[in-house]
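*Asks:* Quick one, final22.txt (compact mmCIF, C-alpha atoms):
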# COMPACT_ATOMS: atom_id res chain seq x y z
CA MET A 617 21.75 76.02 -95.57
CA SER A 618 21.84 72.39 -96.77
CA GLU A 619 20.17 69.34 -95.25
CA TYR A 620 23.57 68.29 -93.91
CA TRP A 621 22.65 69.46 -90.40
CA LYS A 622 19.38 67.62 -89.93
CA SER A 623 19.82 65.22 -86.95
CA LYS A 624 23.60 65.80 -87.08
CA ARG A 625 25.26 65.43 -83.67
CA VAL A 626 27.18 68.67 -83.11
CA LEU A 627 29.35 69.51 -80.12
CA VAL A 628 29.88 73.24 -79.60
CA THR A 629 32.58 74.33 -77.17
CA GLY A 630 31.99 77.80 -75.84
CA GLY A 631 28.30 77.42 -76.63
CA ALA A 632 27.33 79.68 -73.73
CA GLY A 633 29.37 82.56 -75.14
CA PHE A 634 28.31 85.39 -77.42
CA ILE A 635 28.85 83.69 -80.78
CA GLY A 636 28.15 80.25 -79.32
CA ARG A 637 24.61 81.17 -78.28
CA HIS A 638 23.81 82.37 -81.80
CA LEU A 639 25.36 79.23 -83.29
CA VAL A 640 23.36 76.92 -81.02
CA ARG A 641 20.17 78.77 -81.91
CA ARG A 642 20.90 78.26 -85.61
CA LEU A 643 21.62 74.57 -85.07
CA HIS A 644 18.27 74.25 -83.33
CA GLU A 645 16.57 75.85 -86.34
CA LEU A 646 18.38 73.37 -88.61
CA ASP A 647 17.10 70.39 -86.56
CA ALA A 648 20.58 69.37 -85.49
CA GLU A 649 21.28 67.56 -82.23
CA TYR A 650 23.75 69.53 -80.17
CA LYS A 651 25.64 69.54 -76.90
CA VAL A 652 27.46 72.46 -75.35
CA PHE A 653 30.82 72.42 -73.59
CA ASP A 654 32.00 75.67 -72.08
CA ILE A 655 35.21 76.88 -70.48
CA LYS A 656 33.64 76.30 -67.08
CA SER A 657 30.17 74.88 -66.62
CA PRO A 658 29.05 74.70 -62.96
CA ARG A 659 25.89 72.85 -63.96
CA ASP A 660 27.56 70.04 -65.91
CA HIS A 661 30.99 70.25 -64.26
CA GLU A 662 32.54 70.18 -67.73
CA ASP A 663 35.59 72.12 -68.79
CA VAL A 664 37.29 72.01 -72.19
CA THR A 665 40.68 72.01 -70.48
CA THR A 666 39.92 68.89 -68.44
CA GLY A 667 40.49 65.81 -70.55
CA SER A 668 38.70 63.23 -68.44
CA LEU A 669 35.47 65.18 -68.11
CA SER A 670 35.39 66.15 -71.76
CA ARG A 671 36.16 62.57 -72.78
CA GLU A 672 33.01 61.41 -70.99
CA GLY A 673 30.99 63.85 -73.07
CA PHE A 674 32.56 62.57 -76.29
CA VAL A 675 31.92 58.93 -75.38
CA TRP A 676 28.32 59.58 -74.43
CA PHE A 677 27.34 62.04 -77.17
CA LYS A 678 29.51 60.66 -80.00
CA PRO A 679 29.66 63.97 -81.91
CA GLN A 680 29.96 63.92 -85.68
CA VAL A 681 30.87 67.60 -85.88
CA VAL A 682 32.84 69.69 -83.38
CA ILE A 683 32.91 73.50 -83.53
CA HIS A 684 35.50 74.78 -81.08
CA LEU A 685 34.71 78.33 -79.96
CA ALA A 686 35.65 78.14 -76.26
CA ALA A 687 38.31 80.71 -75.40
CA GLN A 688 39.32 83.54 -73.14
CA THR A 689 38.52 86.26 -75.67
CA GLU A 690 39.42 89.56 -73.99
CA VAL A 691 42.77 91.11 -74.87
CA ARG A 692 42.84 93.34 -71.77
CA LYS A 693 42.03 90.42 -69.49
CA SER A 694 44.91 88.47 -71.00
CA TYR A 695 47.33 91.02 -69.51
CA THR A 696 46.05 90.50 -65.97
CA GLU A 697 45.30 86.77 -66.30
CA PRO A 698 47.92 85.36 -68.71
CA TRP A 699 47.94 81.87 -67.14
CA GLU A 700 44.18 81.48 -67.50
CA THR A 701 44.38 82.79 -71.07
CA TYR A 702 47.09 80.32 -72.09
CA ARG A 703 45.44 77.45 -70.21
CA THR A 704 42.07 77.98 -71.85
CA ASN A 705 43.14 78.92 -75.35
CA ILE A 706 46.05 76.50 -75.79
CA LEU A 707 45.44 73.55 -73.44
CA GLY A 708 41.70 73.70 -74.13
CA THR A 709 42.26 73.57 -77.88
CA LEU A 710 44.79 70.73 -77.57
CA ASN A 711 42.36 68.70 -75.47
CA VAL A 712 39.50 69.20 -77.95
CA LEU A 713 41.68 68.32 -80.94
CA GLU A 714 42.95 65.15 -79.27
CA LEU A 715 39.43 64.03 -78.44
CA CYS A 716 38.38 64.74 -82.03
CA ARG A 717 41.28 62.60 -83.26
CA ILE A 718 40.46 59.70 -80.97
CA SER A 719 36.74 59.91 -81.75
CA LYS A 720 37.35 60.21 -85.50
CA VAL A 721 34.77 62.94 -85.98
CA GLU A 722 33.80 63.77 -89.55
CA SER A 723 34.25 67.54 -89.31
CA VAL A 724 36.02 70.05 -87.04
CA VAL A 725 36.08 73.85 -87.06
CA VAL A 726 38.49 75.75 -84.82
CA ALA A 727 37.90 79.42 -84.07
CA SER A 728 41.22 81.21 -84.43
CA SER A 729 41.51 84.99 -84.78
CA ASP A 730 42.80 87.56 -87.24
CA LYS A 731 45.18 88.54 -84.42
CA ALA A 732 47.05 85.30 -85.05
CA TYR A 733 48.64 87.04 -88.05
CA GLY A 734 50.65 89.18 -85.66
CA ASP A 735 52.28 92.50 -86.39
CA HIS A 736 52.86 92.48 -90.14
CA SER A 737 54.47 95.77 -91.07
CA GLU A 738 52.55 95.88 -94.35
CA TRP A 739 49.20 95.17 -92.69
CA ARG A 740 47.30 98.18 -91.38
CA GLY A 741 43.90 96.61 -91.18
CA GLY A 742 41.68 95.55 -94.06
CA GLU A 743 42.49 92.50 -96.17
CA VAL A 744 45.21 90.05 -95.25
CA ALA A 745 46.32 87.07 -97.30
CA GLU A 746 45.56 83.65 -95.79
CA ASN A 747 49.07 82.46 -96.54
CA TYR A 748 50.74 85.17 -94.47
CA LYS A 749 53.04 83.72 -91.83
CA LEU A 750 51.69 83.81 -88.30
CA LEU A 751 54.04 86.11 -86.42
CA HIS A 752 54.73 86.85 -82.77
CA ASN A 753 52.18 89.01 -81.05
CA ALA A 754 52.17 91.77 -78.48
CA ASP A 755 49.76 90.30 -75.93
CA PRO A 756 48.96 86.92 -74.35
CA TYR A 757 45.57 86.65 -76.07
CA SER A 758 46.98 87.01 -79.58
CA SER A 759 49.91 84.71 -78.83
CA SER A 760 47.63 82.05 -77.40
CA LYS A 761 45.39 82.15 -80.48
CA LYS A 762 48.44 81.80 -82.72
CA VAL A 763 49.55 78.66 -80.87
CA ALA A 764 46.02 77.22 -80.97
CA ASP A 765 45.89 77.92 -84.71
CA GLU A 766 49.18 76.09 -85.26
CA LEU A 767 48.02 73.15 -83.15
CA ALA A 768 44.99 72.82 -85.41
CA GLN A 769 47.26 72.90 -88.47
CA ASP A 770 49.43 70.18 -86.90
CA TYR A 771 46.46 67.90 -86.28
CA ALA A 772 45.14 68.44 -89.80
CA ARG A 773 48.52 67.60 -91.34
CA LEU A 774 49.77 64.82 -89.06
CA TYR A 775 46.52 63.05 -88.24
CA ARG A 776 44.47 63.98 -91.32
CA LEU A 777 41.85 65.48 -89.07
CA PRO A 778 39.12 67.02 -91.28
CA ILE A 779 39.54 70.51 -89.91
CA ARG A 780 38.96 74.09 -90.98
CA ILE A 781 40.37 77.13 -89.17
CA ALA A 782 38.44 80.41 -89.03
CA ARG A 783 40.48 83.57 -88.43
CA MET A 784 37.54 85.86 -87.79
CA VAL A 785 37.69 89.62 -87.42
CA ASN A 786 35.87 91.54 -84.67
CA THR A 787 32.33 90.22 -84.38
CA TYR A 788 29.35 92.19 -83.07
CA GLY A 789 25.63 91.71 -82.62
CA PRO A 790 22.75 91.18 -80.17
CA GLY A 791 23.69 89.70 -76.82
CA GLN A 792 27.30 90.86 -76.81
CA LEU A 793 28.25 91.89 -73.27
CA ASN A 794 31.90 92.90 -73.72
CA GLU A 795 31.78 96.66 -73.29
CA THR A 796 35.42 97.04 -74.32
CA THR A 797 34.47 96.38 -77.95
CA LEU A 798 33.79 99.44 -80.09
CA VAL A 799 30.28 98.67 -81.33
CA THR A 800 28.86 97.33 -78.05
CA GLY A 801 30.66 99.92 -75.94
CA THR A 802 29.38 102.77 -78.11
CA ILE A 803 25.77 101.56 -77.96
CA LEU A 804 25.84 101.09 -74.18
CA ARG A 805 27.40 104.50 -73.57
CA LEU A 806 24.81 106.20 -75.74
CA LEU A 807 22.00 104.38 -73.92
CA ARG A 808 23.42 105.71 -70.64
CA GLY A 809 23.61 109.22 -72.05
CA GLU A 810 27.41 109.15 -72.16
CA ARG A 811 29.73 110.19 -74.95
CA PRO A 812 31.22 107.32 -77.02
CA VAL A 813 34.97 106.83 -76.82
CA ILE A 814 37.39 106.22 -79.67
CA TYR A 815 40.63 104.86 -78.26
CA LYS A 816 43.83 106.44 -79.49
CA GLY A 817 47.46 105.46 -79.34
CA SER A 818 47.72 103.16 -82.36
CA GLU A 819 48.60 103.79 -85.97
CA ASN A 820 46.29 100.98 -87.00
CA THR A 821 42.95 102.80 -87.00
CA LYS A 822 41.25 100.55 -89.55
CA ARG A 823 39.11 97.79 -88.10
CA GLU A 824 36.91 95.23 -89.79
CA TRP A 825 33.64 94.17 -88.20
CA LEU A 826 31.55 91.08 -88.85
CA PHE A 827 27.89 90.65 -87.87
CA VAL A 828 27.36 87.60 -85.68
CA ASP A 829 24.83 85.94 -88.01
CA ASP A 830 27.39 86.05 -90.81
CA ALA A 831 30.02 84.55 -88.51
CA VAL A 832 27.65 81.69 -87.65
CA SER A 833 26.96 81.04 -91.34
CA ALA A 834 30.70 80.94 -92.00
CA TYR A 835 31.33 78.38 -89.24
CA LEU A 836 28.58 76.12 -90.57
CA LEU A 837 29.81 76.34 -94.16
CA LEU A 838 33.35 75.54 -93.05
CA ALA A 839 32.11 72.49 -91.13
CA GLU A 840 30.24 71.23 -94.19
CA ASP A 841 33.34 71.73 -96.31
CA ALA A 842 35.55 69.83 -93.87
CA ALA A 843 33.14 66.89 -93.99
CA LYS A 844 33.96 66.49 -97.70
CA ASP A 845 37.59 65.58 -96.99
CA GLU A 846 38.31 62.14 -98.44
CA LYS A 847 41.43 61.28 -96.45
CA ARG A 848 40.95 61.42 -92.72
CA GLY A 849 42.11 59.79 -89.53
CA MET A 850 45.17 57.76 -88.58
Using structure tokens, write down the structure that the file contains.
*Replies:*
Amino acid sequence: MSEYWKSKRVLVTGGAGFIGRHLVRRLHELDAEYKVFDIKSPRDHEDVTTGSLSREGFVWFKPQVVIHLAAQTEVRKSYTEPWETYRTNILGTLNVLELCRISKVESVVVASSDKAYGDHSEWRGGEVAENYKLLHNADPYSSSKKVADELAQDYARLYRLPIRIARMVNTYGPGQLNETTLVTGTILRLLRGERPVIYKGSENTKREWLFVDDAVSAYLLLAEDAAKDEKRGM
């Protein structure tokens, strides 16, 4: 990794989450300065969906780079808590983007999802072209990530915000606690002496998986690339 990160002020939303913790650890190794916002932080009373509280953090910390990971990430939970899913994934993203615009940060990365591509009839897992249209989705989580993705595109186009969008596939690795995911769920069941479960009921049986360290490297490379944008801000 380049010297770009040395003493760079980096704000990570969702830094207490699975990928966020790995990202913050890497930033520490790169000698970056960093601050963490989460969806809800009882200690700091900060919330990415609350503009006034987040604004205080921006004014005080003056981030140069923002990596927006904060989200409600569980598809099943989105069925039982759709309001919280939409509030966090859409309103939270809008709030972060607006603060980035006002603060004129030099680089922004927004964590979208491969699920933002929707239900393409020709897509049965595997590769998908980046220029595919983002279609309607079958669950609140996927729909909310699609809207957040399009908000990021709007801010990049209208306000020349130096932004990159990462539509990551399923990520796995140490510290993941979501037992509904295939890799983590299989490992935990085997440790408990239980049989692993492969869920049925879908024609799409192909799934891509990305190791968390590779995901972190991708986010950092995207942030460096966004910082090269010549035209920015309005």
*Asks:* Could you check how far CA of Glu697 (chain A) sits from CA of Thr709 (chain A), in Å to one decimal?
*Replies:*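 Here the two named atoms are 17.8 Å from each other.
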*Asks:* In Å, rounded to a single decimal, give me how far CA of Ser618 (chain A) is from CA of Leu646 (chain A).
*Replies:*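 Those two atoms sit 8.9 Å apart.
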*Asks:* If we count only C-alpha atoms, what is near Pro778 (chain A) at a cut-off of 10 Å, once residues fewer than 4 positions away on the same chain are taken out, given as a VMD selection string?
*Replies:* chain A and resid 681 716 to 717 720 to 725 771 to 773 839 841 to 849
*Asks:* Taking only C-alpha atoms into account, which of A:Arg808, A:Lys651, A:His638, A:His644 comes nearest Arg625 (chain A)?
*Replies:*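 Going through A:Arg808, A:Lys651, A:His638, A:His644 one by one, the smallest distance to Arg625 (chain A) is for A:Lys651.
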*Asks:* State, in Å with one decimal place, the distance from CA of Ala831 (chain A) to CA of Leu627 (chain A).
*Replies:* 17.2 Å
*Asks:* Considering only C-alpha atoms, return as a ChimeraX atom specification whatever protein or nucleic-acid residues lie within 9 Å of Ala632 (chain A), sequence-local ones (same chain, fewer than 5 positions apart) excluded.
*Replies:* /A:637,640,652-655,686
*Asks:* When you count only C-alpha atoms, which of these residues is closest to Ile635 (chain A): A:Pro679, A:Gly809, A:Pro756, A:Gly791?
*Replies:*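 Comparing A:Pro679, A:Gly809, A:Pro756, A:Gly791 against Ile635 (chain A), the winner is A:Gly791.
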*Asks:* Given the choices A:Val832, A:Arg776, A:Asn705, A:Val682, which gets closest to Gly789 (chain A) if the distance is worked out from only C-alpha atoms?
*Replies:*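 Going through A:Val832, A:Arg776, A:Asn705, A:Val682 one by one, the smallest distance to Gly789 (chain A) is for A:Val832.
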*Asks:* Leaving out Asn794 (chain A) and any residue of its chain fewer than 4 positions from it, which residues lie within 9 Å of it when counting all atoms listed in the file, given as a ChimeraX atom specification?
*Replies:* /A:690,800-801
*Asks:* Using all atoms listed in the file, which residues sit within 6 Å of Asp730 (chain A) once same-chain residues fewer than 3 positions away are excluded, as a PyMOL selection string?
*Replies:* chain A and resi 733+783-785
*Asks:* Take the selection from the previous step and output its residues with C-alpha atoms, as a short mmCIF file (atom, residue, chain, number, x, y, z; two decimals), in the coordinates of the input.
*Replies:*
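Contents of part_15.cif, as written:
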data_model
loop_
_atom_site.label_atom_id
_atom_site.label_comp_id
_atom_site.auth_asym_id
_atom_site.auth_seq_id
_atom_site.Cartn_x
_atom_site.Cartn_y
_atom_site.Cartn_z
CA TYR A 733 48.64 87.04 -88.05
CA ARG A 783 40.48 83.57 -88.43
CA MET A 784 37.54 85.86 -87.79
CA VAL A 785 37.69 89.62 -87.42
#
*Asks:* Between A:Ile781, A:Ile718, A:Tyr695, A:Thr802, which one has atoms that come closest to Asp755 (chain A), using only C-alpha atoms?
*Replies:*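 Comparing A:Ile781, A:Ile718, A:Tyr695, A:Thr802 against Asp755 (chain A), the winner is A:Tyr695.
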*Asks:* From the list A:Tyr775, A:Tyr650, A:Phe674, A:Phe827, which residue is nearest Gln792 (chain A) when using all atoms listed in the file?
*Replies:*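 Selected residue with least distance to Gln792 (chain A): A:Phe827.
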*Asks:* Around region 631-643 of chain A, fit a box with edges along x, y and z, padding it by 6 Å on each side, then list its centre and edge lengths in Å to one decimal as JSON.
*Replies:*
{"center_x": 24.8, "center_y": 80.0, "center_z": -79.7, "size_x": 21.2, "size_y": 22.8, "size_z": 23.9}
*Asks:* Given the choices A:Ser694, A:Ser729, A:Gln680, A:Asn747, which gets closest to Thr787 (chain A) if the distance is worked out from only C-alpha atoms?
*Replies:*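 Of the candidates, the smallest distance to Thr787 (chain A) is held by A:Ser729.
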